[in-house]
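Everything on this sheet refers to the single structure shown next.
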Amino acid sequence: MYLANLHRAAVAGSFSLLSRRVPLCHRAGMAVSVQLQPSSKCLFDEPVQVRVGGLSPLQQVTMKASLTDEKGQGFHSLAFYRADGQGELDLCQSPSLGGHYTGTEPMGLFWSLSPRTPFTRLVKRDVATYPLSVHIEVFDGHGTLEQLPEQPLAVAVNERWFMKEGVTRIPVREGRVRGVLFVPPGDGPFPGVIDMYGSVGGVVEHRASLLANHGFLTLCLGYFGYDDLPKDFVNVDLEYFEEAVNLLRQHSKVKGPGVGAIGLSKGADLVLSMTTFLPHVIAAVSIGGCNANTLGNLHYKNITLPGLGVSVDRTKILESKLIDIFEVTNDPMDEANKDCIIPIEKAKGHFLFVVGEDDRNWNTPLFAQQAVEKLKQNGKDNYELIVYPETGHLLEPSYFPFCYASFHRLVGQPVVWGGKMKPHSLAQIDMWPKIQAFLRKHLDHQSKL
């Protein structure tokens with residue numbers, strides 16, 4: 001029922017904020033209430049059913065969601081609804097008539113959460129101690145944030161956790177390896193996965209912790225800008241990643257002999273290199289990545305892949321004063337860049353390429369197509385390709401709020417990531433279980449390497 005409602009076509013048309021309100025005539029003895037099912041507490045990537053009772057028949061209401069992150073940044077969303085003839089509202093059944101989204105979207109209030117401060121990206125830093133609390137409020141009538149009454153008709157709070165009971169978070173500082181290990185509850189063995197993000201640096205733990213909830217023993221790996229690691233990645237030593245792979249493989253609860261790797265942006269081309277050069281990386285998920293080594297030089301034993309160059313004069317400044325860097329990165333297939341291309345055709349592992357067709361960070365659709373063509377030319381079928389229309393660069397697990405633009409560490413200014421809110425958010429919901437299925441397919445039933 002949930003999935004059927006989730007993908008129902010959006011309701012067309014707009015709704016005027018000046019529409020006549022239905023008079024408040026609540027049924028005798030009935031207080032307005034917001035119910036969250038199956039529970040007010042859940043994991044961040046789990047859906048909840050939002051229902052409102054005690055309204056007047058056909059009453060017009062505004063549903064509002066809000067949260068405050070660990071840095072005090074506020075996010076909010078609004079949607080306009082009308083109760084049914086019994087004075088009830090079920091977001092799995094009722095369409096939004098306007099606001100941040102339209103149509104029947106059971107989790108629309110969550111994925112449409114937008115920052116009060118422009119160009120702010122939601123990142124959960126402390127995944128172990130406390131959840132992100134989403135306040136769900138219902139107001140009489142349809143209105144913007146500034147027009148809403150001071151007091152809501154009803155409020156509920158949804159606690160969205162990143163670690164379920166029994167998952168263990170272990171900081172890693174062994175040899176050269178720096179990161180955080182997430183171990184699922186139980187004896188295992190569990191498929192092992194290395195998780196990395198891109199130019200943000202440090203360790204970004206929320207995806208790794210969510211993977212552990214689903215039974216993956218996950219190493220969230222830092223590779224620059226964390227602890228005593230280098231502050232940049234002008235020169236990247238792949239033997240560092242090999243050390244991390246071996247550390248993960250040697251864990252007593254990891255199902256071997258091979259492990260998987262998942263990366264976004266710069267992390268994506270790193271997982272391609274790991275799968276190409278490190279025989280025990282047998283499943284790679286590249287999200288918004290490039291088929292060439294990017295940004296800095298990559299060294300492995302006697303091999304060096306130069307970093308794919310950029311042309312800053314192709315940077316565009318949009319009317320909103322945002323930076324568009326879509327055309328900055330050079331084409332890997334140009335003759336001058338051939339040494340940068342990762343020789344993935346030599347890999348024995350499997351690849352999953354996840355592509356946002358409206359990625360504005362770089363030309364991900366082109367890079368993925370080049371990678372697939374290289375594999376085909378060499379008689380390889382060890383890949384899957386998923387392309388999502390109207391979807392940007394920052395593809396996250398299910399229900400993460402859409403981020404169109406935010407600060408880019410290397411550019412030093414906010415940049416456009418691309419995509420449109422609704423298709424991007426629905427792509428994340430579709431992508432997240434497919435990534436898990438891909439990793440299980442290749443890690444659960446391994447032959448001896």
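Quick note on naming: the chains in the structure tokens go A, B, ... in the order shown, residues restart at 1 in each chain, and ligands are numbered from 1 in order of appearance.
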
Quick one: everything within 10 Å of Gly419 (chain A), counting only C-alpha atoms, minus sequence neighbours fewer than 6 positions away in the same chain. Send it as a short mmCIF file (atom, residue, chain, number, x, y, z; two decimals) with N, CA and C atoms, in the first residue's frame.
data_model
loop_
_atom_site.label_atom_id
_atom_site.label_comp_id
_atom_site.auth_asym_id
_atom_site.auth_seq_id
_atom_site.Cartn_x
_atom_site.Cartn_y
_atom_site.Cartn_z
N GLY A 356 22.51 10.78 -11.64
CA GLY A 356 21.48 11.80 -11.72
C GLY A 356 21.61 12.52 -13.05
N GLU A 357 20.57 12.45 -13.86
CA GLU A 357 20.66 12.99 -15.22
C GLU A 357 20.82 14.50 -15.25
N ASP A 358 20.43 15.17 -14.13
CA ASP A 358 20.57 16.63 -14.04
C ASP A 358 21.69 17.01 -13.07
N ASP A 359 22.67 16.14 -12.93
CA ASP A 359 23.84 16.42 -12.09
C ASP A 359 24.55 17.66 -12.62
N ARG A 360 24.70 18.69 -11.77
CA ARG A 360 25.37 19.91 -12.18
C ARG A 360 26.77 20.03 -11.58
N TYR A 388 18.59 8.38 -13.30
CA TYR A 388 17.36 9.00 -12.81
C TYR A 388 17.17 10.38 -13.44
N PRO A 389 16.08 10.59 -14.20
CA PRO A 389 15.81 11.91 -14.79
C PRO A 389 15.54 12.97 -13.72
N GLU A 390 15.86 14.21 -14.04
CA GLU A 390 15.59 15.37 -13.18
C GLU A 390 16.16 15.21 -11.78
N THR A 391 17.29 14.52 -11.71
CA THR A 391 17.92 14.20 -10.43
C THR A 391 19.33 14.75 -10.42
N GLY A 392 19.74 15.29 -9.27
CA GLY A 392 21.02 15.96 -9.16
C GLY A 392 22.15 15.10 -8.65
N HIS A 393 23.17 15.75 -8.10
CA HIS A 393 24.42 15.09 -7.72
C HIS A 393 24.36 14.41 -6.36
N LEU A 394 23.75 15.09 -5.39
CA LEU A 394 23.80 14.61 -4.00
C LEU A 394 22.69 13.60 -3.73
N LEU A 395 22.88 12.38 -4.20
CA LEU A 395 21.93 11.31 -3.96
C LEU A 395 22.24 10.64 -2.63
N PHE A 402 16.06 17.07 0.01
CA PHE A 402 16.71 17.47 -1.24
C PHE A 402 17.59 18.69 -1.02
N CYS A 403 18.80 18.64 -1.56
CA CYS A 403 19.72 19.78 -1.48
C CYS A 403 20.08 20.21 -2.90
N TYR A 404 19.57 21.36 -3.32
CA TYR A 404 19.83 21.85 -4.67
C TYR A 404 21.20 22.51 -4.77
N ALA A 405 21.62 23.20 -3.71
CA ALA A 405 22.89 23.93 -3.73
C ALA A 405 23.40 24.07 -2.31
N SER A 425 13.97 13.29 -4.90
CA SER A 425 13.62 12.61 -3.65
C SER A 425 13.07 11.22 -3.91
#

Can you list, as number ranges by chain, every residue of region 162-257 of chain A that DSSP puts in strand (DSSP E or B)? A: 168-174, 177-183, 190-196, 217-221, 235-237, 254-257

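When only C-alpha atoms are used to measure the gap to Phe351 (chain A), the shortest distance among A:Leu439, A:Ile323, A:Val312, A:Val416 belongs to A:Leu439.
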
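Atom to atom, CA of Phe44 (chain A) and CA of Val254 (chain A) stand 24.7 Å apart.
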
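Restricting the calculation to only C-alpha atoms, the smallest distance between Phe326 (chain A) and any of A:Trp417, A:Tyr81, A:Tyr383, A:Phe162 is found for A:Trp417.
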
I need the residues of region 96-326 of chain A that end up classed as alpha helix (DSSP H) by DSSP on the backbone, written out as a PyMOL selection string. chain A and resi 108-111+206-213+238-249+266-277

From the list A:Pro106, A:Gly175, A:Pro343, A:Gly54, the nearest residue to Gln37 (chain A) using only C-alpha atoms is A:Pro106

Just the residues within 12 Å of Pro38 (chain A), please, counting only C-alpha atoms, with nothing from its chain fewer than 6 positions along; format it as an NGL selection string. :A and (46-51 or 158)

Non-local contacts of Leu410 (chain A) (10 Å; only C-alpha atoms; under 3 positions in same chain excluded) as a list of chain:residue names: A:Ser199, A:Val200, A:Asp232, A:Leu295, A:Phe407, A:Gln413

Can you pull out every residue within 10 Å of Asp126 (chain A), counting only C-alpha atoms, but drop anything in the same chain fewer than 6 positions away, and send it as a VMD selection string? chain A and resid 70 132 162 204 to 206

Atoms kept (all heavy atoms) for selection, written as a PDB file, in the first residue's frame:
ATOM      1  N   GLU A  70      22.173  19.764  14.261  1.00  0.00           N
ATOM      2  CA  GLU A  70      23.102  19.883  15.388  1.00  0.00           C
ATOM      3  C   GLU A  70      23.791  21.238  15.456  1.00  0.00           C
ATOM      4  O   GLU A  70      24.321  21.619  16.496  1.00  0.00           O
ATOM      5  CB  GLU A  70      24.152  18.769  15.302  1.00  0.00           C
ATOM      6  CG  GLU A  70      23.556  17.396  15.506  1.00  0.00           C
ATOM      7  CD  GLU A  70      24.162  16.355  14.573  1.00  0.00           C
ATOM      8  OE1 GLU A  70      24.180  16.611  13.352  1.00  0.00           O
ATOM      9  OE2 GLU A  70      24.600  15.314  15.056  1.00  0.00           O
ATOM     10  N   LEU A 132      17.344  12.908  14.851  1.00  0.00           N
ATOM     11  CA  LEU A 132      16.794  14.141  14.325  1.00  0.00           C
ATOM     12  C   LEU A 132      15.293  14.100  14.587  1.00  0.00           C
ATOM     13  O   LEU A 132      14.608  13.172  14.164  1.00  0.00           O
ATOM     14  CB  LEU A 132      17.066  14.275  12.826  1.00  0.00           C
ATOM     15  CG  LEU A 132      18.492  14.655  12.423  1.00  0.00           C
ATOM     16  CD1 LEU A 132      18.656  14.612  10.909  1.00  0.00           C
ATOM     17  CD2 LEU A 132      18.874  16.040  12.952  1.00  0.00           C
ATOM     18  N   PHE A 162      19.543   6.989  13.621  1.00  0.00           N
ATOM     19  CA  PHE A 162      20.498   6.506  12.623  1.00  0.00           C
ATOM     20  C   PHE A 162      21.139   5.174  13.006  1.00  0.00           C
ATOM     21  O   PHE A 162      21.780   4.540  12.170  1.00  0.00           O
ATOM     22  CB  PHE A 162      21.576   7.560  12.375  1.00  0.00           C
ATOM     23  CG  PHE A 162      21.080   8.713  11.565  1.00  0.00           C
ATOM     24  CD1 PHE A 162      20.326   9.725  12.144  1.00  0.00           C
ATOM     25  CD2 PHE A 162      21.312   8.779  10.202  1.00  0.00           C
ATOM     26  CE1 PHE A 162      19.843  10.780  11.397  1.00  0.00           C
ATOM     27  CE2 PHE A 162      20.834   9.823   9.436  1.00  0.00           C
ATOM     28  CZ  PHE A 162      20.087  10.835  10.032  1.00  0.00           C
ATOM     29  N   VAL A 204      31.815  11.184   6.988  1.00  0.00           N
ATOM     30  CA  VAL A 204      30.374  11.433   6.990  1.00  0.00           C
ATOM     31  C   VAL A 204      29.715  10.099   7.307  1.00  0.00           C
ATOM     32  O   VAL A 204      29.747   9.168   6.497  1.00  0.00           O
ATOM     33  CB  VAL A 204      29.908  11.975   5.628  1.00  0.00           C
ATOM     34  CG1 VAL A 204      28.400  12.260   5.653  1.00  0.00           C
ATOM     35  CG2 VAL A 204      30.687  13.239   5.263  1.00  0.00           C
ATOM     36  N   GLU A 205      29.110   9.999   8.482  1.00  0.00           N
ATOM     37  CA  GLU A 205      28.763   8.692   9.041  1.00  0.00           C
ATOM     38  C   GLU A 205      27.338   8.228   8.781  1.00  0.00           C
ATOM     39  O   GLU A 205      27.029   7.063   9.008  1.00  0.00           O
ATOM     40  CB  GLU A 205      28.996   8.706  10.562  1.00  0.00           C
ATOM     41  CG  GLU A 205      30.421   9.010  10.965  1.00  0.00           C
ATOM     42  CD  GLU A 205      30.615   8.989  12.479  1.00  0.00           C
ATOM     43  OE1 GLU A 205      29.836   8.297  13.178  1.00  0.00           O
ATOM     44  OE2 GLU A 205      31.531   9.679  12.970  1.00  0.00           O
ATOM     45  N   HIS A 206      26.448   9.106   8.312  1.00  0.00           N
ATOM     46  CA  HIS A 206      25.034   8.705   8.335  1.00  0.00           C
ATOM     47  C   HIS A 206      24.726   7.539   7.400  1.00  0.00           C
ATOM     48  O   HIS A 206      23.941   6.655   7.756  1.00  0.00           O
ATOM     49  CB  HIS A 206      24.121   9.912   8.042  1.00  0.00           C
ATOM     50  CG  HIS A 206      24.362  10.637   6.774  1.00  0.00           C
ATOM     51  ND1 HIS A 206      24.801  11.946   6.733  1.00  0.00           N
ATOM     52  CD2 HIS A 206      24.200  10.269   5.488  1.00  0.00           C
ATOM     53  CE1 HIS A 206      24.891  12.345   5.479  1.00  0.00           C
ATOM     54  NE2 HIS A 206      24.531  11.342   4.708  1.00  0.00           N
TER      55      HIS A 206
END

Close residues, region 64-68 of chain A itself excluded, 7 Å, only C-alpha atoms, min 2 positions apart in chain, as a PyMOL selection string: chain A and resi 62+70+72-79+109+133-138

Residues within 7 Å of Thr120 (chain A), only C-alpha atoms, excluding chain neighbours under 3 positions, as a PyMOL selection string: chain A and resi 115+117+406

Could you take the residues named above and write them with all heavy atoms, as a CSV table (one decimal), in the first residue's frame?
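To be explicit, this is the file written out as selection_15.csv:
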chain,number,residue,atom,x,y,z
A,115,PRO,N,16.0,24.3,3.9
A,115,PRO,CA,16.7,25.1,4.9
A,115,PRO,C,16.2,26.5,5.1
A,115,PRO,O,15.9,27.2,4.1
A,115,PRO,CB,18.2,25.1,4.4
A,115,PRO,CG,18.0,24.9,3.0
A,115,PRO,CD,16.8,24.0,2.8
A,117,THR,N,18.1,28.9,6.2
A,117,THR,CA,19.3,29.6,5.7
A,117,THR,C,19.7,29.0,4.3
A,117,THR,O,19.9,27.8,4.2
A,117,THR,CB,20.5,29.4,6.6
A,117,THR,OG1,20.2,29.9,7.9
A,117,THR,CG2,21.7,30.2,6.1
A,406,SER,N,24.7,24.0,-2.2
A,406,SER,CA,25.3,24.2,-0.9
A,406,SER,C,26.8,24.5,-1.0
A,406,SER,O,27.3,24.5,-2.2
A,406,SER,CB,25.1,23.0,0.1
A,406,SER,OG,25.9,21.9,-0.4

Between region 153-215 of chain A and region 255-264 of chain A, at 6 Å or less, what are the per-residue closest atom pairs and their distances in Å? Count only C-alpha atoms, order by chain and rising residue number, and return it as a tab-separated table.
residue	atom	partner	partner_atom	distance
A:Pro189	CA	A:Lys255	CA	4.9
A:Phe190	CA	A:Lys255	CA	5.2
A:Pro191	CA	A:Lys255	CA	5.1
A:Gly192	CA	A:Val259	CA	5.0
A:Val193	CA	A:Gly260	CA	4.5
A:Ile194	CA	A:Ala261	CA	4.6
A:Asp195	CA	A:Ile262	CA	5.0
A:Met196	CA	A:Gly263	CA	4.8
A:Tyr197	CA	A:Leu264	CA	5.0
A:Gly198	CA	A:Leu264	CA	5.9

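Nearest residue to Ala128 (chain A) among A:Leu210, A:Leu58, A:Val354, A:Val157 is A:Leu210, counting only C-alpha atoms.
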
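Each of A:Glu373, A:Glu174, A:Asp331, A:Glu384 was compared to Thr294 (chain A) using only C-alpha atoms, and A:Asp331 turns out to be the nearest.
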
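Considering the residues A:Cys290, A:Pro332, A:Ile341, A:Ser252 and counting only C-alpha atoms, Ala268 (chain A) has its shortest atom-to-atom contact with A:Cys290.
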
Just how far from CA of Val355 (chain A) is CA of Gln369 (chain A), in Å to one decimal? 9.9 Å
